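**Student:** Here you go, this is input01.txt (compact mmCIF, C-alpha atoms).
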```
# COMPACT_ATOMS: atom_id res chain seq x y z
CA MET A 1 -17.43 23.62 -18.51
CA THR A 2 -16.54 20.67 -16.27
CA GLU A 3 -15.28 21.81 -12.87
CA TYR A 4 -11.59 21.20 -12.18
CA SER A 5 -10.88 19.00 -9.14
CA PRO A 6 -7.18 18.96 -8.07
CA GLY A 7 -6.04 15.39 -7.51
CA LEU A 8 -9.45 14.25 -8.84
CA GLU A 9 -10.72 14.65 -5.27
CA GLY A 10 -14.41 13.83 -5.05
CA VAL A 11 -14.54 12.58 -8.65
CA VAL A 12 -16.13 9.14 -9.00
CA ALA A 13 -13.90 7.34 -11.52
CA ALA A 14 -14.99 3.73 -11.01
CA GLN A 15 -17.63 1.48 -9.52
CA THR A 16 -16.20 -1.37 -7.46
CA ALA A 17 -17.18 -4.18 -5.13
CA ILE A 18 -13.56 -4.90 -4.10
CA SER A 19 -13.34 -2.58 -1.08
CA GLU A 20 -14.86 0.57 0.34
CA VAL A 21 -13.19 3.20 2.51
CA ASP A 22 -15.90 4.80 4.65
CA GLY A 23 -13.87 7.75 5.81
CA ALA A 24 -16.60 9.51 7.75
CA ASN A 25 -17.25 6.50 9.97
CA GLY A 26 -13.72 5.06 10.04
CA ARG A 27 -14.63 1.80 8.35
CA LEU A 28 -12.80 -0.34 5.79
CA ILE A 29 -15.10 -2.82 4.06
CA TYR A 30 -13.72 -5.71 2.02
CA ARG A 31 -15.51 -7.56 -0.75
CA GLY A 32 -18.65 -9.33 0.42
CA GLY A 33 -19.33 -6.68 3.07
CA TYR A 34 -16.71 -7.77 5.61
CA LEU A 35 -15.50 -5.15 8.07
CA ILE A 36 -11.72 -5.28 8.36
CA GLU A 37 -11.81 -5.63 12.15
CA ASP A 38 -13.97 -8.75 11.79
CA LEU A 39 -12.05 -10.23 8.86
CA ALA A 40 -8.42 -9.68 9.88
CA PRO A 41 -8.34 -11.89 13.00
CA ALA A 42 -10.12 -14.73 11.22
CA VAL A 43 -8.38 -15.18 7.85
CA SER A 44 -4.97 -15.55 6.22
CA PHE A 45 -3.57 -13.47 3.38
CA GLU A 46 -4.30 -16.29 0.92
CA GLU A 47 -7.94 -16.36 2.01
CA THR A 48 -8.11 -12.57 1.68
CA ALA A 49 -6.69 -12.67 -1.84
CA TYR A 50 -9.20 -15.37 -2.80
CA LEU A 51 -12.00 -13.20 -1.41
CA LEU A 52 -10.86 -10.16 -3.41
CA TRP A 53 -10.58 -12.18 -6.64
CA ASN A 54 -13.73 -14.28 -6.30
CA GLY A 55 -16.13 -12.39 -4.07
CA GLU A 56 -16.35 -15.07 -1.39
CA LEU A 57 -14.11 -16.72 1.16
CA PRO A 58 -12.73 -20.12 0.14
CA ASN A 59 -13.72 -23.39 1.73
CA LYS A 60 -10.99 -25.77 2.85
CA SER A 61 -10.57 -27.53 -0.50
CA GLN A 62 -10.51 -24.22 -2.38
CA LEU A 63 -7.93 -22.80 0.01
CA ASP A 64 -5.76 -25.91 -0.27
CA ALA A 65 -5.93 -25.69 -4.06
CA LEU A 66 -4.99 -21.99 -3.99
CA ARG A 67 -2.02 -22.62 -1.72
CA GLN A 68 -0.80 -25.37 -4.04
CA GLU A 69 -1.11 -23.05 -7.03
CA MET A 70 0.75 -20.28 -5.25
CA ALA A 71 3.51 -22.63 -4.10
CA ALA A 72 3.99 -23.84 -7.67
CA ALA A 73 4.17 -20.24 -8.96
CA ARG A 74 6.81 -18.91 -6.55
CA LYS A 75 9.85 -19.74 -8.63
CA LEU A 76 11.40 -16.90 -10.59
CA LYS A 77 12.15 -17.35 -14.28
CA ASP A 78 15.84 -17.70 -15.11
CA SER A 79 15.53 -14.56 -17.23
CA THR A 80 14.09 -12.67 -14.24
CA ARG A 81 17.00 -13.76 -12.04
CA SER A 82 19.42 -12.64 -14.73
CA VAL A 83 17.83 -9.20 -14.99
CA ILE A 84 17.79 -8.72 -11.22
CA THR A 85 21.42 -9.75 -10.76
CA SER A 86 22.46 -7.28 -13.46
CA LEU A 87 21.24 -4.35 -11.36
CA GLU A 88 23.63 -2.34 -9.20
CA TYR A 89 23.91 -3.67 -5.64
CA ASP A 90 22.56 -0.44 -4.15
CA THR A 91 19.51 -0.20 -6.42
CA ASP A 92 16.36 0.99 -4.66
CA PRO A 93 14.41 -2.11 -3.52
CA MET A 94 11.25 -0.83 -5.20
CA ASP A 95 13.13 -0.53 -8.48
CA VAL A 96 14.28 -4.13 -8.08
CA LEU A 97 10.70 -5.22 -7.42
CA ARG A 98 9.32 -3.27 -10.38
CA THR A 99 11.99 -4.70 -12.67
CA ALA A 100 11.42 -8.24 -11.41
CA VAL A 101 7.65 -8.09 -11.99
CA SER A 102 8.21 -6.67 -15.46
CA ALA A 103 10.65 -9.44 -16.34
CA GLN A 104 8.49 -12.14 -14.74
CA GLY A 105 5.46 -11.01 -16.74
CA ALA A 106 7.24 -10.55 -20.04
CA ALA A 107 5.51 -12.54 -22.83
CA LYS A 108 5.79 -12.91 -26.60
CA ALA A 109 2.23 -11.73 -27.15
CA LEU A 110 -0.27 -9.51 -25.35
CA GLN A 111 -2.38 -11.57 -22.97
CA LYS A 112 -5.72 -10.73 -21.35
CA PRO A 113 -5.48 -10.64 -17.52
CA THR A 114 -6.66 -13.82 -15.80
CA VAL A 115 -7.11 -15.08 -12.25
CA VAL A 116 -4.36 -17.64 -12.91
CA GLU A 117 -1.91 -14.85 -13.68
CA ALA A 118 -3.12 -12.87 -10.65
CA ILE A 119 -2.34 -15.89 -8.47
CA SER A 120 1.09 -16.25 -10.05
CA LEU A 121 2.11 -12.60 -9.59
CA THR A 122 0.75 -12.49 -6.03
CA ALA A 123 2.72 -15.64 -5.20
CA VAL A 124 6.05 -14.69 -6.73
CA VAL A 125 6.45 -11.23 -5.17
CA PRO A 126 6.83 -12.38 -1.52
CA THR A 127 8.77 -15.56 -2.39
CA ASN A 128 9.82 -17.00 1.03
CA LEU A 129 10.59 -13.51 2.35
CA LEU A 130 11.27 -14.33 6.00
CA TRP A 131 13.15 -17.54 5.12
CA MET A 132 15.41 -15.68 2.69
CA MET A 133 16.24 -12.86 5.11
CA ASP A 134 17.45 -15.18 7.87
CA GLY A 135 18.20 -18.46 6.10
CA GLN A 136 16.04 -20.39 8.55
CA GLU A 137 12.42 -21.08 9.39
CA PRO A 138 10.95 -17.93 10.98
CA ALA A 139 9.23 -17.94 14.35
CA ARG A 140 5.49 -18.50 14.22
CA GLU A 141 4.84 -15.06 15.77
CA ARG A 142 6.76 -13.26 13.03
CA VAL A 143 4.79 -15.10 10.37
CA HIS A 144 1.54 -14.14 12.10
CA TRP A 145 2.43 -10.44 12.37
CA LEU A 146 3.47 -10.24 8.72
CA ASP A 147 0.41 -12.17 7.55
CA GLN A 148 -1.93 -9.89 9.50
CA TYR A 149 -0.25 -6.85 7.99
CA LEU A 150 -0.75 -8.29 4.49
CA VAL A 151 -4.46 -8.87 5.20
CA LEU A 152 -4.92 -5.31 6.46
CA LEU A 153 -3.14 -3.72 3.48
CA ALA A 154 -4.48 -5.97 0.71
CA ASP A 155 -6.83 -3.32 -0.66
CA HIS A 156 -7.97 0.19 0.15
CA GLY A 157 -10.39 1.71 -2.31
CA LEU A 158 -9.29 3.72 -5.32
CA ASN A 159 -5.93 4.91 -4.02
CA ALA A 160 -3.25 6.24 -6.37
CA SER A 161 -1.57 2.91 -7.17
CA THR A 162 -4.87 1.05 -7.61
CA PHE A 163 -6.15 3.81 -9.88
CA THR A 164 -2.93 3.54 -11.88
CA ALA A 165 -3.47 -0.20 -12.30
CA ARG A 166 -7.00 0.41 -13.54
CA VAL A 167 -5.84 3.13 -15.95
CA VAL A 168 -3.32 0.73 -17.50
CA ALA A 169 -5.96 -2.01 -17.61
CA SER A 170 -8.38 0.31 -19.39
CA THR A 171 -6.06 0.41 -22.40
CA GLY A 172 -6.32 -3.37 -22.81
CA SER A 173 -2.81 -4.00 -21.51
CA ASP A 174 -1.60 -7.14 -19.71
CA LEU A 175 -1.75 -7.79 -15.98
CA ALA A 176 2.00 -7.53 -15.34
CA SER A 177 2.05 -4.08 -16.94
CA CYS A 178 -0.85 -3.01 -14.71
CA VAL A 179 1.07 -4.18 -11.63
CA VAL A 180 4.31 -2.53 -12.79
CA GLY A 181 2.43 0.75 -13.15
CA ALA A 182 0.95 0.33 -9.68
CA ILE A 183 4.38 -0.37 -8.17
CA ALA A 184 5.73 2.78 -9.82
CA ALA A 185 2.93 4.82 -8.23
CA LEU A 186 3.40 3.18 -4.83
CA LYS A 187 7.13 4.00 -4.89
CA GLY A 188 6.36 7.71 -4.52
CA PRO A 189 6.94 8.88 -0.93
CA ALA A 190 3.53 10.57 -0.84
CA HIS A 191 1.90 7.16 -1.29
CA GLY A 192 3.97 4.16 -0.23
CA GLY A 193 6.77 5.78 1.74
CA ALA A 194 4.90 6.88 4.87
CA THR A 195 5.63 3.69 6.86
CA TYR A 196 9.35 4.13 6.26
CA ALA A 197 9.04 7.82 7.22
CA ALA A 198 7.19 6.95 10.44
CA ARG A 199 9.89 4.47 11.46
CA THR A 200 12.60 7.00 10.62
CA MET A 201 10.84 9.56 12.83
CA LEU A 202 10.79 7.10 15.75
CA ASP A 203 14.49 6.38 15.14
CA SER A 204 15.23 10.11 15.25
CA ILE A 205 13.29 10.59 18.49
CA GLY A 206 15.17 7.70 20.02
CA SER A 207 13.60 7.51 23.48
CA VAL A 208 10.44 8.35 25.40
CA GLU A 209 12.29 11.17 27.16
CA ASN A 210 12.96 12.92 23.83
CA VAL A 211 9.40 12.77 22.48
CA ASP A 212 7.99 16.09 23.71
CA LYS A 213 10.96 18.24 22.68
CA TRP A 214 11.50 16.48 19.35
CA LEU A 215 7.89 16.83 18.26
CA ALA A 216 7.62 20.42 19.51
CA ASP A 217 10.76 21.39 17.59
CA ALA A 218 9.56 19.60 14.45
CA HIS A 219 6.16 21.28 14.64
CA ALA A 220 7.78 24.69 15.10
CA LYS A 221 9.63 24.06 11.83
CA HIS A 222 6.31 23.17 10.16
CA ALA A 223 7.47 19.58 9.61
CA ARG A 224 4.85 16.90 9.00
CA PHE A 225 4.39 14.02 11.41
CA PRO A 226 4.40 10.88 9.23
CA GLY A 227 1.70 8.41 10.23
CA PHE A 228 -0.91 11.04 11.11
CA GLY A 229 -3.78 12.32 9.00
CA HIS A 230 -5.35 10.68 5.96
CA ARG A 231 -6.84 11.78 2.64
CA VAL A 232 -10.09 9.88 3.28
CA TYR A 233 -10.41 8.88 6.95
CA ARG A 234 -11.83 11.48 9.30
CA THR A 235 -11.43 9.23 12.33
CA TYR A 236 -8.77 6.83 13.64
CA ASP A 237 -7.77 4.43 10.84
CA PRO A 238 -9.42 1.06 11.66
CA ARG A 239 -6.30 -0.78 10.46
CA ALA A 240 -4.15 1.27 12.84
CA LYS A 241 -6.28 0.14 15.80
CA ILE A 242 -5.55 -3.50 14.99
CA LEU A 243 -1.86 -2.90 14.41
CA ARG A 244 -1.54 -0.84 17.60
CA GLU A 245 -2.69 -3.82 19.64
CA MET A 246 -0.36 -6.18 17.76
CA ALA A 247 2.58 -3.82 18.18
CA GLU A 248 2.56 -4.20 21.96
CA THR A 249 3.61 -7.83 21.52
CA ALA A 250 5.60 -7.49 18.29
CA ASP A 251 8.06 -4.92 19.73
CA PRO A 252 7.31 -3.84 23.34
CA ARG A 253 10.15 -1.30 23.55
CA LEU A 254 9.28 0.39 20.28
CA HIS A 255 5.58 0.23 21.17
CA GLN A 256 6.25 2.22 24.33
CA LEU A 257 8.07 4.92 22.35
CA ALA A 258 5.41 4.93 19.63
CA ALA A 259 2.52 5.12 22.10
CA HIS A 260 3.94 8.24 23.79
CA THR A 261 4.81 9.73 20.40
CA GLU A 262 1.24 9.19 19.23
CA GLU A 263 -0.21 10.79 22.37
CA VAL A 264 1.96 13.90 22.11
CA ALA A 265 1.67 14.23 18.33
CA LEU A 266 -2.13 14.06 18.41
CA LYS A 267 -2.26 16.73 21.13
CA ILE A 268 0.04 19.05 19.19
CA LEU A 269 -1.95 18.58 15.99
CA HIS A 270 -5.28 19.09 17.73
CA ASP A 271 -4.13 22.22 19.58
CA ALA A 272 -2.77 23.71 16.36
CA HIS A 273 -5.73 22.81 14.15
CA PRO A 274 -8.76 21.56 16.12
CA GLU A 275 -10.83 21.74 12.95
CA ARG A 276 -8.70 19.13 11.18
CA PRO A 277 -9.21 15.38 11.74
CA ASN A 278 -5.54 14.48 12.18
CA ALA A 279 -5.99 10.97 13.53
CA THR A 280 -3.42 8.17 13.45
CA ASN A 281 -3.23 6.25 10.17
CA VAL A 282 -2.08 2.73 9.30
CA ASP A 283 1.51 3.69 8.51
CA PHE A 284 2.42 4.73 12.05
CA TRP A 285 1.67 1.43 13.76
CA ALA A 286 2.61 -0.65 10.72
CA SER A 287 6.17 0.64 11.18
CA VAL A 288 6.27 -0.95 14.65
CA VAL A 289 4.68 -4.27 13.66
CA LEU A 290 6.93 -4.72 10.62
CA THR A 291 9.95 -3.96 12.78
CA GLY A 292 8.83 -6.63 15.23
CA ALA A 293 8.44 -9.06 12.33
CA GLY A 294 12.10 -8.44 11.47
CA ILE A 295 11.58 -6.41 8.27
CA PRO A 296 14.23 -3.71 7.66
CA LYS A 297 12.61 -0.33 7.12
CA GLU A 298 14.23 -0.10 3.67
CA LEU A 299 11.89 -2.94 2.61
CA PHE A 300 8.69 -1.53 4.13
CA THR A 301 7.35 -0.21 0.81
CA CYS A 302 8.13 -3.51 -0.92
CA VAL A 303 6.16 -5.37 1.75
CA PHE A 304 3.33 -2.88 1.20
CA ALA A 305 3.40 -3.90 -2.48
CA MET A 306 3.35 -7.58 -1.46
CA ALA A 307 0.04 -6.96 0.26
CA ARG A 308 -1.53 -4.63 -2.27
CA ILE A 309 -0.82 -6.81 -5.32
CA ALA A 310 -3.88 -8.88 -4.35
CA GLY A 311 -6.03 -5.77 -4.51
CA TRP A 312 -4.40 -4.41 -7.67
CA THR A 313 -5.00 -7.62 -9.57
CA ALA A 314 -8.56 -7.89 -8.23
CA HIS A 315 -9.34 -4.39 -9.48
CA VAL A 316 -7.88 -5.14 -12.90
CA LEU A 317 -9.97 -8.31 -13.21
CA GLU A 318 -13.08 -6.45 -12.07
CA SER A 319 -12.52 -3.67 -14.62
CA LEU A 320 -12.57 -6.14 -17.51
CA ALA A 321 -16.35 -6.47 -17.17
CA ASP A 322 -16.82 -2.92 -18.46
CA LEU A 323 -13.57 -2.00 -20.13
CA ARG A 324 -13.48 1.59 -21.30
CA ILE A 325 -10.28 3.59 -21.66
CA ILE A 326 -9.86 6.08 -18.82
CA ARG A 327 -9.42 9.47 -20.44
CA PRO A 328 -10.31 12.42 -18.16
CA ALA A 329 -10.58 15.93 -19.56
CA SER A 330 -8.08 18.68 -18.85
CA GLN A 331 -8.71 22.40 -18.50
CA TRP A 332 -6.76 24.68 -20.83
CA VAL A 333 -5.00 27.53 -18.98
CA GLY A 334 -2.77 28.72 -21.83
CA PRO A 335 -3.22 31.87 -23.94
CA GLU A 336 -5.95 32.34 -26.50
CA PRO A 337 -4.93 30.74 -29.82
CA GLY A 338 -3.98 32.96 -32.76
CA LYS A 339 -2.93 35.91 -30.60
CA LYS A 340 0.80 35.19 -30.60
CA PRO A 341 2.63 35.74 -33.93
CA ILE A 342 5.22 33.20 -35.04
CA PRO A 343 8.72 34.78 -35.17
CA VAL A 344 9.91 35.60 -38.68
CA GLU A 345 12.91 33.26 -38.45
CA LYS A 346 10.54 30.35 -37.72
CA ARG A 347 8.41 30.89 -40.83
```
Kindly return the structure encoded in the file as structure tokens.

**Tutor:**
Amino acid sequence: MTEYSPGLEGVVAAQTAISEVDGANGRLIYRGGYLIEDLAPAVSFEETAYLLWNGELPNKSQLDALRQEMAAARKLKDSTRSVITSLEYDTDPMDVLRTAVSAQGAAKALQKPTVVEAISLTAVVPTNLLWMMDGQEPARERVHWLDQYLVLLADHGLNASTFTARVVASTGSDLASCVVGAIAALKGPAHGGATYAARTMLDSIGSVENVDKWLADAHAKHARFPGFGHRVYRTYDPRAKILREMAETADPRLHQLAAHTEEVALKILHDAHPERPNATNVDFWASVVLTGAGIPKELFTCVFAMARIAGWTAHVLESLADLRIIRPASQWVGPEPGKKPIPVEKR
């Protein structure tokens, strides 16, 4: 009998060249063998997406062509606008995003995923985000912080949302459906909501003076510290290191609070469970950088999706080379068949 693995932990469900999370050594490797700490300072999000789709970084003419394609694909369909405006004003932003992608990808016939469609979906999701929030051209620094975040979050192994996209793809479905499924998985607070939770924690702490007492009280109540610990990493998240440095410039005041919070939280976690590798993960420092970029915390998970759509679509395209429906086995834990009589009135 096949051994049951809760959460499929340790089960190899795919072979991929898109990205690798080396948890033991604290490394994130993007396609082509690039370490994230080498790649992030040198490339834009568009270059990163091109790399994930094509396996190599673009030259200048290829990058110019990609940017032109993405610019041309940013406009929403009239039908998509109509669907979005029909939603209640207080609809969860992730529900709006999921609905918009579904409407944008709606077609009269089933279509095989293509790079062209991947470019289109990746372009339309972040349509002029910073412009639309403020109604004016954003400061260069804000653009840089957001772009770096998108590069860092573009892909991350076979996480829950990426696995969902590949499951949908394995059935022969279209690319928009794969992305809609991924967005639905990312919406769950156990996956995409940690950045929001980390920012909310910092809001609740309020000041450096409150850090020690707030964290001690929370720990005494067995509350989790969002932004600490990771399913795969056993060391400090390499993306968090980059974001921590950026955060000092993006929001100095919040950085000061976050830095002391990190120091105290790590000490509490280590003292309580020295055997557990509860290091800082990407969500903690991402909450500071996104705040500095002017993103409301209610949109953090949507911005996460903006980044990850490049990875989702890359994984779907990669899976087409060896398309086989994903159908894991389950382990029966019900009673032995034939032992329970059917009630007379049911016969």

**Student:** If you measure from atom CA of Val180 of chain A to atom CA of Val101 of chain A, what distance in Å do you get, rounded to one decimal?

**Tutor:**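 Those two atoms sit 6.5 Å apart.
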
**Student:** Of the candidates A:Gly7, A:Gly188, A:Gly26, A:Pro113, which one gets nearest to Ala321 of chain A if we count only C-alpha atoms?

**Tutor:**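 Among the listed residues, A:Pro113 lies closest to Ala321 of chain A.
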
**Student:** Taking all atoms listed in the file into account, which of A:Lys108, A:Leu63, A:Ala154, A:Glu46 comes nearest Ala314 of chain A?

**Tutor:**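 The shortest atom-to-atom distance to Ala314 of chain A comes from A:Ala154.
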
**Student:** With distances taken over all atoms listed in the file, which residue among A:Glu262, A:Asp155, A:Asp92, A:Glu117 lies nearest Ile29 of chain A?

**Tutor:**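 Residue with the minimum atom-to-atom distance to Ile29 of chain A: A:Asp155.
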
**Student:** Pick from A:Ala286, A:Ala197, A:Thr127, A:Gly181: nearest to Ala72 of chain A, with all atoms listed in the file counted?

**Tutor:**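 Looking only at the distances to Ala72 of chain A, the closest residue turns out to be A:Thr127.
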
**Student:** Would you mind reading off the distance between atom CA of Phe300 of chain A and atom CA of Tyr196 of chain A, one decimal, in Å?

**Tutor:**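 That distance, rounded to one decimal, is 6.1 Å.
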
**Student:** Report as an MDAnalysis selection string all protein, DNA and RNA residues lying within 9 Å of Thr16 of chain A, evaluated on only C-alpha atoms, omitting residues in the same chain fewer than 6 positions from it.

**Tutor:** chainID A and resid 157:158 315 318:319

**Student:** Just to confirm, what's the straight-line distance from atom CA of Gln15 of chain A to atom CA of Leu57 of chain A in Å (one decimal)?

**Tutor:**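 Computed distance, atom CA of Gln15 of chain A to atom CA of Leu57 of chain A, equals 21.4 Å.
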